[in-house]
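Peer 1: My structure is in my_file09.txt, and what it holds is compact mmCIF, C-alpha atoms:
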# COMPACT_ATOMS: atom_id res chain seq x y z
CA PRO S 1 2.51 15.44 -9.80
CA PHE S 2 -0.47 13.09 -9.22
CA VAL S 3 -2.27 15.13 -6.56
CA ASP S 4 -5.69 16.05 -8.01
CA TYR S 5 -4.72 14.20 -11.21
CA VAL S 6 -7.52 12.75 -13.35
CA PHE S 7 -6.34 9.33 -14.52
CA SER S 8 -7.20 7.76 -17.85
CA SER S 9 -9.81 5.02 -17.82
CA GLY S 10 -10.67 2.01 -19.93
CA GLY S 11 -10.30 -1.71 -20.34
CA ILE S 12 -6.51 -1.48 -20.54
CA THR S 13 -4.53 0.22 -17.78
CA GLY S 14 -3.22 3.55 -19.06
CA ASP S 15 0.42 4.55 -19.21
CA ASP S 16 -0.29 7.40 -16.78
CA TYR S 17 -1.30 4.89 -14.11
CA LYS S 18 1.70 2.67 -14.84
CA ILE S 19 4.03 5.65 -14.33
CA PHE S 20 2.17 6.62 -11.16
CA GLU S 21 2.38 3.10 -9.71
CA ARG S 22 6.12 2.82 -10.38
CA LYS S 23 6.73 6.12 -8.60
CA PHE S 24 4.32 5.24 -5.78
CA LYS S 25 6.08 1.91 -5.20
CA ASN S 26 9.42 3.71 -4.95
CA VAL S 27 7.97 6.07 -2.35
CA ILE S 28 6.64 3.15 -0.29
CA LYS S 29 10.08 1.47 -0.43
CA LYS S 30 11.77 4.65 0.78
CA ILE S 31 9.42 5.39 3.67
CA LEU S 32 9.19 1.91 5.18
CA PRO S 33 10.75 1.65 8.64
CA GLU S 34 14.27 0.26 8.84
CA GLY S 35 14.27 -3.52 8.47
CA TYR S 36 10.88 -3.59 6.71
CA ALA S 37 10.69 -4.49 3.02
CA ILE S 38 8.20 -5.00 0.24
CA HIS S 39 7.76 -8.77 0.05
CA SER S 40 5.44 -8.73 -2.97
CA TRP S 41 3.69 -6.13 -5.10
CA ASN S 42 0.38 -6.71 -6.90
CA SER S 43 -0.48 -4.47 -9.84
CA ASN S 44 -4.20 -4.42 -10.50
CA HIS S 45 -6.46 -2.39 -12.80
CA TYR S 46 -5.85 1.19 -11.57
CA GLU S 47 -5.15 0.04 -8.03
CA CYS S 48 -2.39 -1.87 -6.27
CA SER S 49 -1.67 -3.82 -3.14
CA TRP S 50 1.51 -5.03 -1.51
CA VAL S 51 2.79 -7.26 1.24
CA ILE S 52 5.39 -5.98 3.67
CA LYS S 53 7.79 -8.28 5.49
CA THR S 54 8.78 -7.07 8.95
CA PRO S 55 12.12 -7.62 10.71
CA HIS S 56 10.35 -10.25 12.88
CA GLU S 57 9.36 -12.32 9.82
CA ASN S 58 5.71 -11.15 10.02
CA TYR S 59 3.62 -9.82 7.17
CA ILE S 60 1.42 -6.78 6.66
CA TYR S 61 -0.98 -6.25 3.77
CA ALA S 62 -1.56 -2.76 2.32
CA SER S 63 -3.52 -1.37 -0.62
CA ILE S 64 -4.89 1.76 -2.21
CA PRO S 65 -8.33 2.20 -3.81
CA ASP S 66 -8.96 2.66 -7.53
CA VAL S 67 -7.30 5.97 -8.40
CA ARG S 68 -9.90 6.79 -11.08
CA TYR S 69 -12.83 6.96 -8.68
CA TRP S 70 -11.29 7.99 -5.36
CA GLN S 71 -9.10 10.91 -6.33
CA ASN S 72 -6.18 11.49 -3.96
CA GLU S 73 -7.13 8.56 -1.73
CA TRP S 74 -3.91 6.89 -2.90
CA PHE S 75 -2.24 9.10 -0.28
CA THR S 76 -5.14 9.85 2.12
CA ASN S 77 -6.71 6.40 2.52
CA ILE S 78 -4.21 3.54 2.55
CA LEU S 79 -5.62 0.29 3.93
CA TYR S 80 -3.32 -1.92 6.00
CA ARG S 81 -3.71 -4.99 8.23
CA THR S 82 -1.78 -7.88 9.71
CA MET S 83 -1.38 -11.18 7.90
CA GLU S 84 -0.82 -14.61 9.43
CA HIS S 85 1.46 -15.53 6.50
CA ASP S 86 2.39 -14.02 3.13
CA LYS S 87 -0.67 -15.53 1.39
CA ASP S 88 -3.27 -14.65 4.05
CA TRP S 89 -5.58 -12.30 2.13
CA ARG S 90 -8.19 -12.18 4.94
CA GLY S 91 -5.79 -11.01 7.64
CA GLY S 92 -6.58 -8.99 10.72
CA PRO S 93 -8.91 -6.00 11.09
CA ASN S 94 -8.62 -3.26 8.49
CA ASN S 95 -6.88 -0.02 9.41
CA SER S 96 -6.58 3.18 7.43
CA THR S 97 -3.78 5.73 7.26
CA ASN S 98 -2.27 8.30 4.95
CA ILE S 99 1.08 8.39 3.17
CA PHE S 100 2.53 10.73 5.80
CA LYS S 101 1.77 8.39 8.72
CA PHE S 102 2.06 5.08 6.86
CA ALA S 103 5.53 4.08 8.06
CA GLU S 104 4.80 4.91 11.69
CA ASP S 105 1.40 3.19 11.65
CA VAL S 106 2.89 0.02 10.11
CA ARG S 107 5.61 0.00 12.77
CA ILE S 108 3.00 0.45 15.56
CA LEU S 109 0.87 -2.37 14.11
CA GLU S 110 3.88 -4.70 14.25
CA GLU S 111 4.75 -3.62 17.80
CA ARG S 112 1.20 -4.39 18.96
CA ARG S 113 1.40 -7.82 17.37
CA LEU S 114 4.61 -8.59 19.29
CA LYS S 115 3.12 -7.76 22.70
Please rewrite the model in this file as structure tokens.
Peer 2:
Amino acid sequence: PFVDYVFSSGGITGDDYKIFERKFKNVIKKILPEGYAIHSWNSNHYECSWVIKTPHENYIYASIPDVRYWQNEWFTNILYRTMEHDKDWRGGPNNSTNIFKFAEDVRILEERRLK
């Protein structure tokens, strides 16, 4: 229901975004590869980021851009990168994927790290 949706805007995050983020988080939980889990979730002003814990006790950072200005990029332009630990906000090089390839790309990123 949020494809091509025009989100509210303002100094306080709108209820439409809060509903979107809750549903989006549930989708991310469902599509993660087996053994991967959301370690932490960060709700920001019309954007969010999260840390994934892998089965090998590694961490991966992911985020989406502000949904008000980059329409549909919440599913076409997801940023992800490795983290040295769960508080490493600099991490490795940025990568970009979409919601349909997210799980596979996260799994591949972890596999490359293990080699």
Peer 1: Mind pulling up the distance from CA of Gly11 (chain S) to CA of Ser43 (chain S)?
Peer 2: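 Taking CA of Ser43 (chain S) and CA of Gly11 (chain S), their separation equals 14.6 Å.
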Peer 1: Could you please determine the separation between CA of Pro65 (chain S) and CA of Lys53 (chain S) in Å, to one decimal place?
Peer 2: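 Computing the Euclidean distance for CA of Pro65 (chain S) and CA of Lys53 (chain S) yields 21.4 Å.
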Peer 1: Do you have the CA of Gly14 (chain S)-CA of Asn26 (chain S) distance handy?
Peer 2: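 Interatomic distance here is 18.9 Å.
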Peer 1: Which residue is closest to Tyr5 (chain S)? Choose from S:Trp70, S:Phe100, S:Trp89, S:Tyr61 and count only C-alpha atoms.
Peer 2: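 Closest to Tyr5 (chain S), using only C-alpha atoms: S:Trp70.
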Peer 1: Which residue, S:Ser9, S:Ser63, S:Asn58, S:Asn94, has the smallest gap to Ala37 (chain S) when you use all atoms listed in the file?
Peer 2: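 Once distances to Ala37 (chain S) are computed over all atoms listed in the file, the minimum belongs to S:Asn58.
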Peer 1: Which residues are near Asp105 (chain S)? Cut-off 9 Å, all atoms listed in the file, ignore same chain within fewer than 5 positions. Put them as a count of residues only.
Peer 2: 3
Peer 1: Of the candidates S:Ala62, S:Ile28, S:Val67, S:Cys48, which shows the shortest atom-to-atom distance to Ser8 (chain S), using only C-alpha atoms?
Peer 2: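 Among the listed residues, S:Val67 lies closest to Ser8 (chain S).
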Peer 1: Hey, which of S:Lys23, S:Arg113, S:Lys18, S:His56 ends up closest to Tyr36 (chain S)? Count only C-alpha atoms.
Peer 2: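 Ranking S:Lys23, S:Arg113, S:Lys18, S:His56 by distance to Tyr36 (chain S), first place goes to S:His56.
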Peer 1: With all atoms listed in the file as the basis for distance, which of S:Gly10, S:Pro1, S:Asn95, S:Arg90 is at the shortest distance from Ile108 (chain S)?
Peer 2: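 Closest to Ile108 (chain S) of all the choices is S:Asn95.
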Peer 1: From the list S:Glu57, S:Gly91, S:Tyr17, S:Glu47, which residue is nearest Ile78 (chain S) when using only C-alpha atoms?
Peer 2: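 The closest residue to Ile78 (chain S) is S:Glu47.
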Peer 1: At a cut-off of 10 Å from (-6.6, 10.4, 11.1) in the coordinates of the file, what residues are picked up using only C-alpha atoms, written as an MDAnalysis selection string?
Peer 2: chainID S and resid 76:77 96:98 101
Peer 1: Which residues are near Ile60 (chain S)? Cut-off 7 Å, all atoms listed in the file, ignore same chain within fewer than 3 positions. Put them as a PyMOL selection string.
Peer 2: chain S and resi 51-53+80-83
Peer 1: Since the input is missing atoms, can you rebuild all heavy atoms for region 1-12 of chain S and write them as a tab-separated table (two decimals), keeping the file's coordinate frame?
Peer 2:
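The result, stored in out-v6.tsv:
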chain	number	residue	atom	x	y	z
S	1	PRO	N	3.20	15.09	-8.56
S	1	PRO	CA	2.51	15.44	-9.80
S	1	PRO	C	1.14	14.76	-9.95
S	1	PRO	O	0.40	15.10	-10.84
S	1	PRO	CB	3.48	14.98	-10.88
S	1	PRO	CG	4.30	13.92	-10.25
S	1	PRO	CD	4.39	14.30	-8.80
S	2	PHE	N	0.80	13.80	-9.08
S	2	PHE	CA	-0.47	13.09	-9.22
S	2	PHE	C	-1.54	13.55	-8.23
S	2	PHE	O	-2.63	12.99	-8.22
S	2	PHE	CB	-0.24	11.58	-9.12
S	2	PHE	CG	0.50	11.04	-10.31
S	2	PHE	CD1	1.86	10.78	-10.24
S	2	PHE	CD2	-0.13	10.83	-11.52
S	2	PHE	CE1	2.56	10.31	-11.33
S	2	PHE	CE2	0.55	10.36	-12.62
S	2	PHE	CZ	1.90	10.10	-12.54
S	3	VAL	N	-1.25	14.56	-7.44
S	3	VAL	CA	-2.27	15.13	-6.56
S	3	VAL	C	-3.29	15.83	-7.45
S	3	VAL	O	-2.94	16.61	-8.33
S	3	VAL	CB	-1.65	16.10	-5.54
S	3	VAL	CG1	-2.72	16.82	-4.75
S	3	VAL	CG2	-0.69	15.35	-4.61
S	4	ASP	N	-4.56	15.51	-7.23
S	4	ASP	CA	-5.69	16.05	-8.01
S	4	ASP	C	-5.64	15.65	-9.49
S	4	ASP	O	-6.35	16.22	-10.32
S	4	ASP	CB	-5.76	17.58	-7.90
S	4	ASP	CG	-6.06	18.04	-6.48
S	4	ASP	OD1	-6.76	17.32	-5.75
S	4	ASP	OD2	-5.57	19.12	-6.11
S	5	TYR	N	-4.85	14.66	-9.82
S	5	TYR	CA	-4.72	14.20	-11.21
S	5	TYR	C	-5.94	13.38	-11.60
S	5	TYR	O	-6.44	12.57	-10.81
S	5	TYR	CB	-3.45	13.37	-11.35
S	5	TYR	CG	-3.18	12.89	-12.75
S	5	TYR	CD1	-2.61	13.75	-13.69
S	5	TYR	CD2	-3.49	11.60	-13.14
S	5	TYR	CE1	-2.35	13.32	-14.98
S	5	TYR	CE2	-3.24	11.16	-14.43
S	5	TYR	CZ	-2.67	12.03	-15.34
S	5	TYR	OH	-2.42	11.59	-16.62
S	6	VAL	N	-6.43	13.56	-12.82
S	6	VAL	CA	-7.52	12.75	-13.35
S	6	VAL	C	-6.89	11.68	-14.25
S	6	VAL	O	-6.35	12.00	-15.31
S	6	VAL	CB	-8.52	13.61	-14.14
S	6	VAL	CG1	-9.61	12.73	-14.75
S	6	VAL	CG2	-9.13	14.68	-13.25
S	7	PHE	N	-6.96	10.44	-13.79
S	7	PHE	CA	-6.34	9.33	-14.52
S	7	PHE	C	-7.19	8.92	-15.72
S	7	PHE	O	-8.41	9.08	-15.73
S	7	PHE	CB	-6.16	8.12	-13.59
S	7	PHE	CG	-5.02	8.28	-12.63
S	7	PHE	CD1	-5.21	8.86	-11.39
S	7	PHE	CD2	-3.74	7.86	-12.97
S	7	PHE	CE1	-4.16	9.01	-10.50
S	7	PHE	CE2	-2.69	8.00	-12.10
S	7	PHE	CZ	-2.90	8.58	-10.85
S	8	SER	N	-6.51	8.35	-16.70
S	8	SER	CA	-7.20	7.76	-17.85
S	8	SER	C	-8.10	6.63	-17.35
S	8	SER	O	-8.00	6.21	-16.20
S	8	SER	CB	-6.19	7.24	-18.85
S	8	SER	OG	-5.42	6.20	-18.26
S	9	SER	N	-8.94	6.13	-18.21
S	9	SER	CA	-9.81	5.02	-17.82
S	9	SER	C	-10.03	4.15	-19.05
S	9	SER	O	-9.85	4.59	-20.18
S	9	SER	CB	-11.14	5.55	-17.29
S	9	SER	OG	-11.90	4.50	-16.74
S	10	GLY	N	-10.39	2.90	-18.82
S	10	GLY	CA	-10.67	2.01	-19.93
S	10	GLY	C	-10.35	0.58	-19.58
S	10	GLY	O	-9.96	0.26	-18.46
S	11	GLY	N	-10.52	-0.28	-20.54
S	11	GLY	CA	-10.30	-1.71	-20.34
S	11	GLY	C	-8.84	-2.10	-20.20
S	11	GLY	O	-8.53	-3.16	-19.67
S	12	ILE	N	-7.95	-1.24	-20.66
S	12	ILE	CA	-6.51	-1.48	-20.54
S	12	ILE	C	-5.95	-0.38	-19.65
S	12	ILE	O	-6.25	0.80	-19.84
S	12	ILE	CB	-5.82	-1.46	-21.92
S	12	ILE	CG1	-6.39	-2.61	-22.79
S	12	ILE	CG2	-4.32	-1.59	-21.78
S	12	ILE	CD1	-5.91	-2.57	-24.22
